[in-house]
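First comes the structure, then the notes that go with it.
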Amino acid sequence: MYLIPRELVIGGVYFPPLLIASMFGIAAAGATAHLLNRYRLSRFFAYPPLVLLALSVIYTIVIGTFLIRG
Amino acid sequence: MVIAYDIALWMDWDRPHWAGFAVAFISLATVGQSLNKGVMRMLGTLVSAVVALTFISLFPQDRWLFILIFSVYIGFCTYMMGGAKLQYFWFVCGFVTVIICMDAGPNSIDAFQTALLRVEESGLGILVYSLVAMLLWPNSTSADFDTATRNLASTQHQLYRLYLDHLHGQGNVEEEQTLRAKEFEEQIRFSEFLDAAETDSYEVWELRQQWRFYRCQVADLTETMERWRQSFAEVEVLNLKHLLPNLGVFCTELEGRLAEIERMLDNQAPQTFIKLINLNQNESRARRLSHFHKAALTVTLTQLQHMDQVSRNLFETIQDIKGFGSPSTETAKACMPQAGLMVDTDRLAAASGVMATLWLAYLAFIYVNDIPGGTVIVTMATVLGMAMSTMPHIPIVLLFIPAVISVLFAGILYIFLMPQLTSFIGLGSMIFVVTFVICYLFAAPKQALGRAFGLAMFVTIISVSNQQTYSFLSVANTALMLLPIFVILSITAHVPFSPKPERAFLRLLGRFFRSCEYLLSTMRWDPTRTPTVLDRRRKAFHTREVATLPQKLITWSSAIDTKTLRNTTPLQVQAVVTSLEELSFRLHELLEARDKPQADFLVQELLEDIRAWRLRIQRMFQRMSEDPTLGRQKAFRSKLTEIMEHLEQRIEETMDKAAEGQICDKDGENFYRLLGAFRGVSEALVEFAKHANAIDWVRLREARF
């Protein structure tokens, strides 16, 4: 169990893991929204912008927990 | 830009990039346009300096009262930006106040100096650009203005000829549509160049009253020709050659006037002068027509007579301007619309959005520890919010990519190139090349926002000063600052209404029909009783809604992604909006006709029938305001035919009953105008239903990301 977050180093520049995870999370949410639009599944949501926000948060947590660990 | 930077650095002024900003944002295609913008920027900066210092001195220890009053002021500036005049002035009034207040607000000791520095450096930028534009590249607006005026006159002439062919059954609807769009664009260009030419051309300034009157008349001719075209469907069954024996001569005379206007604009003396032709109708033949045909004929006749008046005014004004005739006595004031103080809900929504953006950014600055950018986040979010408020149909996401590219580009220059520069020659060359490249790559008017963003980011990130320092952290912070800014802008764009074009289109459509319904309901008002102030204000509000909403719908409809709508093309969506424009004109005509005095005898006899018709149309509007798909062309057409047949019979009976002299000629004309206007509204509704049937409303309504 790490209590101090580990930072990512890209070319000597330190990036917080949450930043990277959130960037991937937003990108993944955008891709999912695109697919939902493509297959007309977005019509089943009452308010898609809120769904996009929720997806971004979910993806960020998942990526942050399993792929880019802090 | 290089000279402005050089002077600011030589004077050892802090933040020389403010001078650079002024140059970057006032530069336009011609000297006149740039000077106009420069004057507005200078005046706006002066006003902002006073306002900002007043706010800071009034609330030095109370941040909540400060932000409350400050946000109301920013909301007011955003509201005023949406008006027809001085948009840039109000924009500068708003964003410069934000810059000074956010720069000096947290530490008010330097407030006065910051405000003065801003005024000095904006003045320097404007002065340098004006001198360079006037002395080195004196690109006057006169030539562009002359070309724009000639092009507009030529397009109106061509359109008139096309409409004449249409009237004679040889119309080309697609060509008409293309020319109408061209005319619309040319009218905007002409108006812009006129404003600029008044500044940089003494000849235009001297004759500005005549040119402004000409502008009003050109707009009037466009509207009248459009109304005339819309009435063709109702008169195509009539033999106009027999009913209006001198129609051919009359139309040739109008065409001759338009041709002579073009000739005079080419600085050639007119070959023929105005001939007054009275467009008389053949009374004996007109008497044999059905009442609805008589009504259609009266409407067409009124429009042709108005076109006669407008073309005469245009001819005389150009004759006066070009020195081929006696001075015209008409002035622009005669045709200025008297709008009065009227609330525009869309502008109000935009102002509320910007106020919410300011509040969210301010709260983030106060409550989020070490937020990247600090007060700059409040400044940038508010300025961007204000800039975006004038084009709500552009999604926020589209701005994100240019913003990231701008930061990367400026960051590379700042980190890798600038430390290698040792003198102002090198720095000046870099500023010159980068400014040139950005302005060259983003030269098109559609790319204006990208250009502004690129230049703003470049100037902000390189942050030139006499004691130049370099820090990677400042670039990284600026890049990180974009994230919360875009999150705030996205939130305010989505609350309370979705900014998706499809949603906005449906919302505006509902508003349009609601206003139509209200306006029709005002027809029950007793003409002998003066309505209350509140009633008059409400009527004026809805009249303006009906007149302006079709234009707003055009903007939103162009942003709809028709690929997501099955079998619906952009042209079909455009046709729906055009039919709404027609409905708007027709309703306006109906209200005008309603205000004319009517014969008591006719009113008493036909009151119930006309009322029933009005109520029926009102119900249709009411239903369509809830659901525009409810309009069925066949059902509307059959109802209209039924009403018309019934009314025809009732009018016949009433006319038979009327005693000699009970209905004078004027009464008859007014009655036929009213009848024609009622029919016009009904026909326009049928037309809307026809075009609306082609749209895939189910998919248009579907929720999308």
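Chain identifiers are assigned as A, B, and so on, following the order in which chains appear in the structure tokens; residues are numbered from 1 within each chain, and ligands are numbered from 1 in order of appearance.
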
Can you work out which residues from chain B touch chain A at a cut-off of 8 Å (counting only C-alpha atoms) and hand them back as a PDB file with C-alpha atoms, in the first residue's frame?
ATOM      1  CA  HIS B 494     -25.204  23.142 -20.839  1.00  0.00           C
ATOM      2  CA  GLU B 702     -33.510  12.125 -30.084  1.00  0.00           C
ATOM      3  CA  ALA B 703     -31.141  12.882 -27.231  1.00  0.00           C
ATOM      4  CA  ARG B 704     -27.519  12.886 -28.415  1.00  0.00           C
ATOM      5  CA  PHE B 705     -24.126  13.485 -26.854  1.00  0.00           C
TER       6      PHE B 705
END

Exercise for the section: Please report, as a PyMOL selection string, each residue of segment 459-630 of chain B to which DSSP assigns alpha helix (DSSP H) when run on this structure's backbone. Expected result: chain B and resi 459-462+472-494+501-521+533-559+570-595+600-626

Neighbouring residues of Tyr14 of chain A were defined as those with any atom within 12 Å, considering only C-alpha atoms; residues of the same chain fewer than 4 positions away were excluded. Please report them as a short mmCIF file (atom, residue, chain, number, x, y, z; two decimals) with C-alpha atoms, in the first residue's frame.
data_model
loop_
_atom_site.label_atom_id
_atom_site.label_comp_id
_atom_site.auth_asym_id
_atom_site.auth_seq_id
_atom_site.Cartn_x
_atom_site.Cartn_y
_atom_site.Cartn_z
CA PRO A 5 1.39 9.14 -4.84
CA ARG A 6 3.92 8.10 -7.46
CA GLU A 7 4.44 10.58 -10.26
CA LEU A 8 4.99 9.79 -13.91
CA VAL A 9 8.17 11.06 -15.52
CA ILE A 10 8.05 11.91 -19.21
CA LEU A 19 -3.85 14.06 -14.58
CA ILE A 20 -2.83 11.25 -16.93
CA PHE B 472 8.73 25.83 -17.87
CA LEU B 473 6.26 26.05 -15.00
CA ALA B 476 2.70 24.13 -17.88
#

Expressed in Å, the length from atom CA of Asp370 of chain B to atom CA of Leu483 of chain B is 14.3 Å

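Comparing the minimum interatomic distances between Ala27 of chain A and each of A:Phe15, A:Ile68, A:Ile61, A:Leu55, counting only C-alpha atoms, we find that A:Leu55 sits nearest.
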
Q) Which polymer residues have any atom within 9 Å of an atom of Met380 of chain B, counting only C-alpha atoms, with same-chain residues fewer than 6 positions away left out, as a ChimeraX atom specification? A) /B:99,482,485

With only C-alpha atoms as the counted atoms, please give the residues lying no more than 10 Å from Ala504 of chain B, apart from itself and same-chain residues fewer than 6 positions off, as an MDAnalysis selection string. chainID B and resid 392:393 497:498 510 552:553 556:557 560

Selection near Leu519 of chain B, 8 Å with only C-alpha atoms, sequence-local residues under 3 positions removed, as a ChimeraX atom specification: /B:515-516,522-523,539,542-543
